[in-house]
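Structure file query35.txt (compact mmCIF, C-alpha atoms) is printed below.
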```
# COMPACT_ATOMS: atom_id res chain seq x y z
CA MET H 1 -38.04 44.20 40.97
CA ALA H 2 -34.85 42.19 40.84
CA PHE H 3 -34.51 39.71 37.91
CA LEU H 4 -34.04 36.19 39.37
CA ILE H 5 -32.79 33.10 37.49
CA LYS H 6 -33.59 29.76 39.05
CA ARG H 7 -30.82 27.19 39.43
CA ARG H 8 -32.49 24.77 36.97
CA GLU H 9 -32.60 27.51 34.33
CA MET H 10 -28.92 28.25 34.89
CA VAL H 11 -28.06 24.59 34.33
CA VAL H 12 -30.07 24.52 31.08
CA VAL H 13 -28.41 27.69 29.83
CA ALA H 14 -24.95 26.36 30.72
CA ALA H 15 -25.62 23.04 29.03
CA SER H 16 -26.89 24.76 25.91
CA ALA H 17 -23.79 26.94 25.80
CA ALA H 18 -21.53 23.89 26.17
CA ALA H 19 -23.39 22.07 23.40
CA PHE H 20 -23.09 25.08 21.13
CA SER H 21 -19.38 25.33 21.92
CA ALA H 22 -18.83 21.63 21.17
CA THR H 23 -20.80 21.86 17.92
CA GLY H 24 -18.78 24.87 16.91
CA ALA H 25 -15.52 23.05 17.69
CA ARG H 26 -16.58 20.08 15.60
CA ALA H 27 -17.44 22.38 12.73
CA GLN H 28 -13.95 23.85 12.94
CA ALA H 29 -12.15 20.48 13.14
CA LYS H 30 -9.63 19.95 10.32
CA THR H 31 -10.21 16.76 8.39
CA GLY H 32 -8.42 14.65 5.82
CA SER H 33 -8.58 11.26 4.16
CA SER H 34 -6.34 8.66 2.62
CA VAL H 35 -6.94 5.51 0.61
CA TYR H 36 -5.06 2.20 0.65
CA PRO H 37 -5.48 -0.76 -1.75
CA VAL H 38 -6.26 -3.92 0.27
CA ALA H 39 -6.40 -5.07 3.87
CA VAL H 40 -2.87 -6.40 4.34
CA PRO H 41 0.04 -5.21 6.54
CA THR H 42 1.87 -3.83 3.49
CA TYR H 43 0.07 -0.54 4.11
CA GLU H 44 0.66 -0.58 7.87
CA VAL H 45 2.24 2.88 7.96
CA GLN H 46 -1.19 4.45 7.51
CA PHE H 47 -2.87 2.07 9.95
CA VAL H 48 -0.27 2.89 12.61
CA ALA H 49 -0.76 6.64 12.12
CA GLN H 50 -4.48 6.22 12.68
CA GLU H 51 -4.27 3.92 15.69
CA LYS H 52 -1.41 5.74 17.46
CA GLY H 53 -3.16 9.10 17.09
CA TYR H 54 -0.46 10.72 14.96
CA PHE H 55 -3.00 12.40 12.69
CA LYS H 56 -4.74 13.87 15.73
CA ASP H 57 -1.40 15.03 17.11
CA GLU H 58 -0.97 17.01 13.90
CA GLY H 59 -4.40 18.60 14.35
CA TYR H 60 -6.42 16.48 11.91
CA GLU H 61 -9.18 13.89 11.97
CA PHE H 62 -8.32 11.45 9.18
CA LYS H 63 -10.49 8.84 7.51
CA LEU H 64 -8.85 5.79 5.94
CA ILE H 65 -10.57 4.24 2.91
CA GLN H 66 -9.98 0.78 1.45
CA GLY H 67 -9.77 1.07 -2.32
CA GLY H 68 -9.90 -2.61 -3.31
CA SER H 69 -6.80 -2.55 -5.52
CA GLY H 70 -3.90 -0.30 -6.46
CA VAL H 71 -5.65 0.93 -9.61
CA LYS H 72 -8.87 1.73 -7.75
CA THR H 73 -6.84 3.47 -5.05
CA ARG H 74 -5.25 5.68 -7.68
CA GLU H 75 -8.64 6.51 -9.20
CA ILE H 76 -10.18 7.38 -5.83
CA MET H 77 -7.38 9.78 -4.98
CA ALA H 78 -7.26 11.30 -8.47
CA SER H 79 -11.01 12.00 -8.37
CA ARG H 80 -10.52 13.80 -5.03
CA GLN H 81 -12.54 11.30 -3.05
CA ALA H 82 -9.42 11.10 -0.85
CA ASP H 83 -6.60 13.57 -0.20
CA PHE H 84 -3.77 11.02 -0.11
CA ALA H 85 -3.03 7.46 -1.15
CA ILE H 86 -0.49 4.70 -0.65
CA ALA H 87 0.42 2.35 -3.50
CA ASP H 88 3.22 1.60 -5.93
CA ILE H 89 5.04 4.64 -7.30
CA LEU H 90 3.92 3.47 -10.73
CA HIS H 91 0.54 5.05 -9.96
CA VAL H 92 2.22 8.41 -9.43
CA LEU H 93 3.87 8.05 -12.84
CA GLN H 94 0.62 6.96 -14.50
CA LEU H 95 -1.24 9.98 -13.17
CA ASN H 96 1.49 12.33 -14.37
CA LYS H 97 1.46 10.67 -17.77
CA ASN H 98 -2.30 11.20 -18.00
CA GLY H 99 -2.15 14.90 -17.18
CA ARG H 100 -2.91 14.67 -13.43
CA PRO H 101 0.23 16.10 -11.77
CA THR H 102 0.98 14.01 -8.70
CA ARG H 103 3.89 13.79 -6.26
CA ALA H 104 5.25 11.03 -4.06
CA LEU H 105 5.84 12.29 -0.53
CA ASN H 106 7.91 9.40 0.82
CA THR H 107 8.72 5.77 0.12
CA VAL H 108 8.12 3.08 2.72
CA ASP H 109 10.09 0.23 1.18
CA GLN H 110 13.05 -0.46 -1.09
CA ARG H 111 11.97 -3.87 -2.39
CA ALA H 112 8.48 -4.90 -3.46
CA PRO H 113 6.99 -6.81 -0.52
CA GLY H 114 4.03 -8.33 -2.35
CA VAL H 115 5.70 -10.63 -4.87
CA ARG H 116 5.49 -14.28 -3.89
CA PHE H 117 4.10 -16.90 -6.24
CA ALA H 118 1.89 -19.63 -4.79
CA ILE H 119 0.72 -22.43 -7.10
CA ARG H 120 -2.39 -24.52 -6.54
CA LYS H 121 -1.58 -27.28 -4.07
CA ASP H 122 -2.93 -30.00 -6.35
CA LEU H 123 -0.58 -28.88 -9.13
CA TYR H 124 2.34 -28.71 -6.73
CA ASP H 125 1.59 -32.29 -5.66
CA GLN H 126 1.82 -33.27 -9.34
CA GLY H 127 5.41 -31.99 -9.44
CA ILE H 128 4.76 -28.51 -10.85
CA ASP H 129 7.03 -26.84 -8.31
CA THR H 130 8.73 -24.01 -10.23
CA VAL H 131 7.45 -21.00 -12.17
CA GLN H 132 9.05 -22.48 -15.29
CA LYS H 133 6.95 -25.62 -14.93
CA ALA H 134 3.85 -23.58 -14.10
CA ALA H 135 4.28 -21.46 -17.22
CA ALA H 136 4.64 -24.59 -19.37
CA TRP H 137 1.57 -26.28 -17.88
CA LYS H 138 -1.74 -26.10 -19.76
CA ARG H 139 -5.24 -26.07 -18.31
CA PRO H 140 -7.62 -28.93 -19.22
CA ASP H 141 -9.03 -26.84 -22.08
CA GLY H 142 -5.52 -26.40 -23.49
CA LYS H 143 -5.24 -22.75 -22.50
CA LYS H 144 -2.35 -21.09 -20.68
CA ALA H 145 -2.00 -21.22 -16.92
CA ILE H 146 -3.74 -18.30 -15.17
CA PHE H 147 -1.63 -16.14 -12.87
CA GLY H 148 -3.71 -14.05 -10.48
CA VAL H 149 -2.71 -10.66 -9.07
CA SER H 150 -4.73 -8.10 -7.11
CA SER H 151 -5.24 -5.83 -10.12
CA LEU H 152 -3.84 -5.56 -13.61
CA GLY H 153 -1.47 -2.62 -13.58
CA GLY H 154 -1.05 -2.71 -9.81
CA THR H 155 2.07 -3.31 -7.72
CA SER H 156 1.92 -7.09 -7.69
CA HIS H 157 1.26 -7.27 -11.43
CA LEU H 158 4.03 -4.82 -12.29
CA TRP H 159 6.76 -6.61 -10.35
CA SER H 160 5.48 -10.13 -10.97
CA TYR H 161 5.39 -9.49 -14.70
CA TYR H 162 8.87 -7.97 -14.72
CA PHE H 163 10.45 -10.94 -12.95
CA MET H 164 8.60 -13.38 -15.20
CA GLU H 165 9.70 -11.35 -18.22
CA LYS H 166 13.34 -11.61 -17.15
CA LEU H 167 12.84 -15.36 -16.95
CA GLY H 168 11.31 -15.36 -20.45
CA LEU H 169 7.93 -16.48 -19.12
CA ALA H 170 5.67 -13.41 -18.91
CA ASP H 171 3.88 -14.02 -22.21
CA LYS H 172 3.49 -17.75 -21.62
CA VAL H 173 0.75 -17.26 -18.99
CA THR H 174 -2.55 -15.38 -18.71
CA TRP H 175 -2.64 -12.56 -16.13
CA LEU H 176 -5.88 -11.93 -14.24
CA GLY H 177 -6.86 -9.32 -11.65
CA VAL H 178 -8.61 -11.07 -8.76
CA GLY H 179 -9.28 -8.27 -6.27
CA ASN H 180 -9.02 -8.17 -2.50
CA VAL H 181 -7.72 -10.73 0.00
CA ASP H 182 -10.88 -12.82 0.20
CA THR H 183 -11.31 -13.07 -3.56
CA MET H 184 -7.60 -13.72 -4.11
CA LEU H 185 -7.75 -16.71 -1.79
CA GLY H 186 -11.14 -17.75 -3.11
CA THR H 187 -10.01 -17.92 -6.73
CA LEU H 188 -7.02 -20.07 -5.78
CA LYS H 189 -9.12 -22.33 -3.56
CA THR H 190 -11.72 -22.89 -6.29
CA LYS H 191 -9.04 -23.35 -8.98
CA GLN H 192 -10.20 -20.38 -11.03
CA ILE H 193 -6.52 -19.40 -11.11
CA ASP H 194 -3.46 -21.61 -11.07
CA VAL H 195 -0.88 -19.33 -9.48
CA LEU H 196 -1.40 -16.39 -7.14
CA SER H 197 1.20 -13.63 -6.73
CA SER H 198 0.62 -11.64 -3.58
CA ALA H 199 1.92 -10.58 -0.18
CA ILE H 200 3.42 -13.13 2.18
CA SER H 201 0.41 -12.91 4.51
CA VAL H 202 -1.93 -13.96 1.69
CA VAL H 203 0.15 -16.78 0.23
CA SER H 204 0.95 -18.07 3.73
CA GLU H 205 -2.77 -18.19 4.40
CA ALA H 206 -3.16 -20.23 1.20
CA GLU H 207 -0.45 -22.63 2.38
CA LYS H 208 -2.00 -22.97 5.84
CA ASN H 209 -5.35 -23.92 4.34
CA GLY H 210 -3.87 -26.37 1.84
CA TRP H 211 -4.88 -24.33 -1.21
CA GLY H 212 -1.44 -23.36 -2.47
CA LYS H 213 2.31 -23.70 -2.16
CA VAL H 214 4.92 -20.94 -2.61
CA ILE H 215 7.32 -21.71 -5.46
CA TYR H 216 9.09 -18.38 -6.13
CA SER H 217 9.84 -15.34 -3.94
CA PRO H 218 11.21 -12.34 -5.90
CA SER H 219 10.80 -10.15 -2.79
CA ASP H 220 13.69 -11.95 -1.13
CA ALA H 221 17.01 -10.09 -1.23
CA GLY H 222 18.78 -12.68 -3.40
CA PRO H 223 16.39 -12.79 -6.38
CA TRP H 224 15.69 -9.05 -6.05
CA ASN H 225 19.31 -7.92 -6.14
CA ALA H 226 20.19 -10.38 -8.89
CA ILE H 227 17.54 -8.97 -11.23
CA ILE H 228 16.84 -5.42 -9.99
CA GLY H 229 20.30 -4.56 -8.71
CA GLY H 230 19.47 -2.74 -5.46
CA PRO H 231 16.96 -0.47 -3.71
CA VAL H 232 13.99 0.98 -5.62
CA PRO H 233 11.14 3.11 -4.26
CA VAL H 234 8.15 0.80 -4.43
CA ASN H 235 5.16 1.72 -2.26
CA VAL H 236 4.87 5.44 -1.63
CA ASN H 237 2.47 7.89 -0.03
CA PHE H 238 1.32 10.42 -2.62
CA CYS H 239 -1.13 13.18 -3.44
CA LEU H 240 -2.11 15.48 -6.27
CA THR H 241 0.16 18.46 -6.87
CA ALA H 242 -2.95 20.62 -6.47
CA THR H 243 -3.25 19.43 -2.87
CA ILE H 244 0.33 20.51 -2.22
CA GLU H 245 -0.36 23.92 -3.72
CA LYS H 246 -3.71 24.52 -2.00
CA GLU H 247 -3.27 22.73 1.33
CA PRO H 248 0.43 22.54 2.23
CA GLU H 249 -0.41 22.47 5.94
CA LYS H 250 -2.45 19.29 5.47
CA VAL H 251 0.32 17.70 3.37
CA GLN H 252 2.85 18.49 6.09
CA ALA H 253 0.60 17.07 8.80
CA PHE H 254 0.05 13.87 6.80
CA THR H 255 3.77 13.46 6.08
CA ASN H 256 4.66 14.08 9.72
CA ALA H 257 2.27 11.30 10.72
CA MET H 258 3.76 8.92 8.13
CA TRP H 259 7.29 9.64 9.34
CA ARG H 260 6.34 9.05 12.97
CA SER H 261 4.67 5.78 11.93
CA MET H 262 7.87 4.58 10.28
CA GLN H 263 9.80 5.39 13.45
CA PHE H 264 7.31 3.39 15.51
CA ILE H 265 7.49 0.43 13.12
CA LYS H 266 11.28 0.46 13.15
CA LYS H 267 11.56 0.25 16.93
CA SER H 268 8.64 -2.13 17.52
CA SER H 269 8.41 -5.90 17.32
CA PRO H 270 6.06 -7.57 14.83
CA GLU H 271 3.80 -8.50 17.75
CA GLU H 272 3.59 -4.88 18.91
CA ILE H 273 2.89 -3.67 15.38
CA LEU H 274 0.16 -6.26 14.81
CA GLY H 275 -1.41 -5.36 18.13
CA THR H 276 -1.66 -1.80 16.86
CA ILE H 277 -3.07 -2.48 13.36
CA GLU H 278 -4.99 -5.72 13.91
CA ARG H 279 -8.45 -4.33 13.15
CA PHE H 280 -7.28 -3.38 9.64
CA VAL H 281 -5.91 -6.81 8.69
CA GLY H 282 -8.52 -9.27 9.88
CA SER H 283 -8.85 -11.18 6.60
CA THR H 284 -5.65 -13.15 7.19
CA SER H 285 -4.51 -15.08 10.25
CA ARG H 286 -2.34 -13.76 13.05
CA ASN H 287 0.63 -15.91 12.02
CA ALA H 288 0.37 -14.85 8.38
CA ASN H 289 0.23 -11.21 9.37
CA LEU H 290 3.24 -11.57 11.65
CA LEU H 291 5.19 -13.09 8.77
CA GLU H 292 4.36 -10.16 6.52
CA ILE H 293 5.15 -7.57 9.17
CA GLY H 294 8.55 -9.22 9.64
CA GLU H 295 9.17 -9.10 5.90
CA LEU H 296 8.15 -5.45 5.78
CA LYS H 297 10.78 -4.60 8.37
CA ASP H 298 13.31 -6.38 6.15
CA VAL H 299 12.40 -4.43 2.99
CA ALA H 300 11.63 -1.08 4.67
CA ASP H 301 13.25 2.19 3.70
CA TRP H 302 13.72 3.81 7.11
CA ASN H 303 14.77 7.16 5.66
CA GLY H 304 11.93 7.51 3.18
CA LEU H 305 13.71 9.84 0.76
CA ILE H 306 13.71 8.82 -2.90
CA THR H 307 17.24 9.20 -4.24
CA PRO H 308 18.26 9.78 -7.86
CA GLU H 309 20.04 6.40 -7.81
CA SER H 310 17.05 4.38 -6.56
CA TYR H 311 14.70 6.25 -8.89
CA ALA H 312 16.93 5.56 -11.90
CA ARG H 313 17.09 1.88 -10.95
CA GLY H 314 13.33 1.59 -11.15
CA GLU H 315 13.06 3.10 -14.61
CA LYS H 316 13.73 -0.21 -16.35
CA VAL H 317 10.55 -1.56 -14.70
CA TRP H 318 8.29 1.49 -14.94
CA TYR H 319 8.72 2.34 -18.61
CA SER H 320 7.52 -0.56 -20.73
CA GLU H 321 4.78 -1.88 -22.97
CA LEU H 322 3.03 -3.23 -19.88
CA THR H 323 2.71 0.15 -18.18
CA GLY H 324 2.21 2.16 -21.35
CA ILE H 325 4.60 4.83 -20.06
CA LYS H 326 7.26 5.34 -22.70
CA GLN H 327 8.41 8.88 -21.94
CA PRO H 328 10.49 8.99 -18.72
CA ILE H 329 9.18 11.31 -16.01
CA LYS H 330 11.80 13.38 -14.22
CA LEU H 331 12.42 12.81 -10.53
CA GLU H 332 11.43 16.38 -9.67
CA ASP H 333 8.12 15.92 -11.52
CA ALA H 334 7.28 12.78 -9.54
CA VAL H 335 8.55 13.55 -6.02
CA ALA H 336 8.05 16.36 -3.49
CA ASP H 337 10.42 15.64 -0.62
CA ARG H 338 10.43 18.96 1.23
CA PHE H 339 7.64 17.79 3.52
CA LEU H 340 9.55 14.66 4.55
CA LYS H 341 12.71 16.68 5.15
CA ALA H 342 10.69 19.00 7.41
CA ALA H 343 9.30 15.95 9.23
CA HIS H 344 12.86 14.65 9.72
CA ALA H 345 13.77 17.96 11.33
CA LYS H 346 10.70 18.08 13.56
CA TYR H 347 10.88 14.44 14.67
CA PRO H 348 14.56 13.43 14.59
CA THR H 349 15.45 9.78 15.06
```

Write the structure described by the file as structure tokens, please.
Amino acid sequence: MAFLIKRREMVVVAASAAAFSATGARAQAKTGSSVYPVAVPTYEVQFVAQEKGYFKDEGYEFKLIQGGSGVKTREIMASRQADFAIADILHVLQLNKNGRPTRALNTVDQRAPGVRFAIRKDLYDQGIDTVQKAAAWKRPDGKKAIFGVSSLGGTSHLWSYYFMEKLGLADKVTWLGVGNVDTMLGTLKTKQIDVLSSAISVVSEAEKNGWGKVIYSPSDAGPWNAIIGGPVPVNVNFCLTATIEKEPEKVQAFTNAMWRSMQFIKKSSPEEILGTIERFVGSTSRNANLLEIGELKDVADWNGLITPESYARGEKVWYSELTGIKQPIKLEDAVADRFLKAAHAKYPT
């Protein structure tokens, strides 16, 4: 007797085979993850890579994780809860100092974009309109003025402290880590801090709401070049050296995506960039975000390679009592640029 298969049974078999095939494909999908500190455009290069599908183009499904601060971002990556991270290069140096070999893959800027000081609006209205006056002012209990930054030891703290130190003011105030965008703005609004140093999107939001007023902008080219003397690698994408050794294909895919993101950012208007990353930066207003995106284009390093000259220029900031790093770390022990050079070759400008 001939063996007959009804049409309905054929459909069920075919559907089951398709489901098995899809499940198998998902099981084989290559995955990765990266962590960023806070929800501001400063870290847009990773947001663009996700939204434009650059990770997928490189054969990976990537998850982006918000760390909450630069220090927490470093800890998440170092504990292998994420493959990659973006934050100040200081975190790369700190990990190397503490016996966790780490390498920067590329830099995204050549001046620190998150260093603008906004004082409480009520103090500004009293005539306290410079950082010198803010540092001299005392709280009602007689204690020093409180300067808030995202995290102690993070990017904003590092550069804010250095500029204040050069002005002879760093030790005249109390530094306090105040967390993410909402808590940064909240502590200024409720007068728990007196000055907030943060990205332009955050301090502009404070100005718009009448909570603060910008009084000093070290990120601007004039103050930066006068004190720092030129380009320095600031925010970088980085990973553990072990990741490079064990998963070079993933590192190359990630770096390719970062390089393509920088190319997109360079050729796009702030409006186009914000339209791409908007879901990542919803804690600040559209206008504030556009301001920061414009500033990021001004401070960007479009090549991404960390040169011996720019690295040497940053050493006066990185190695200090504040950071606790006293033994200089060689460029070759902090940077792995072969992946970026390969990305340059694959995706020429």

* Selection near Phe264 of chain H, 9 Å with all atoms listed in the file, sequence-local residues under 4 positions removed, as a list in words -> Val48, Trp259, Arg260, Ser268 and Ile273 of chain H

* To do: Could you tell me which of H:Trp302, H:Trp318, H:Phe339, H:Tyr60 comes closest to Gln252 of chain H if we count only C-alpha atoms?
  =>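 Of the candidates, the smallest distance to Gln252 of chain H is held by H:Phe339.
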
* Interatomic distance, atom CA of Asn235 of chain H to atom CA of Trp159 of chain H (Å, one decimal) ->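 Atom CA of Trp159 of chain H lies 11.7 Å from atom CA of Asn235 of chain H.
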
* **Which residue of H:Met262, H:Cys239, H:Ile215, H:Val173 approaches Gly142 of chain H most closely, using all atoms listed in the file** =>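 Ranked by minimum distance to Gly142 of chain H, first place goes to H:Val173.
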
Mind dumping a table of every segment 212-323 of chain H residue within 8 Å of segment 61-84 of chain H, with the nearest atom pair and its distance in Å to one decimal, using all atoms listed in the file, sorted by chain and rising number, as JSON lines?
```
{"residue": "H:Asn237", "atom": "CA", "partner": "H:Phe84", "partner_atom": "CA", "distance": 7.0}
{"residue": "H:Phe238", "atom": "CA", "partner": "H:Phe84", "partner_atom": "CA", "distance": 5.7}
{"residue": "H:Cys239", "atom": "CA", "partner": "H:Phe84", "partner_atom": "CA", "distance": 4.8}
{"residue": "H:Leu240", "atom": "CA", "partner": "H:Ala78", "partner_atom": "CA", "distance": 7.0}
{"residue": "H:Thr243", "atom": "CA", "partner": "H:Asp83", "partner_atom": "CA", "distance": 7.3}
```

* Please measure the separation of atom CA of Lys266 of chain H and atom CA of Glu205 of chain H, giving the value in Å to one decimal. =>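 For atom CA of Lys266 of chain H relative to atom CA of Glu205 of chain H, the distance reads 24.9 Å.
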
* Near-Arg120 of chain H list (6 Å; only C-alpha atoms; drop same-chain fewer than 3 positions) as a list in words ->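 So the residues in contact are Leu123, Asp194, Trp211 and Gly212 of chain H.
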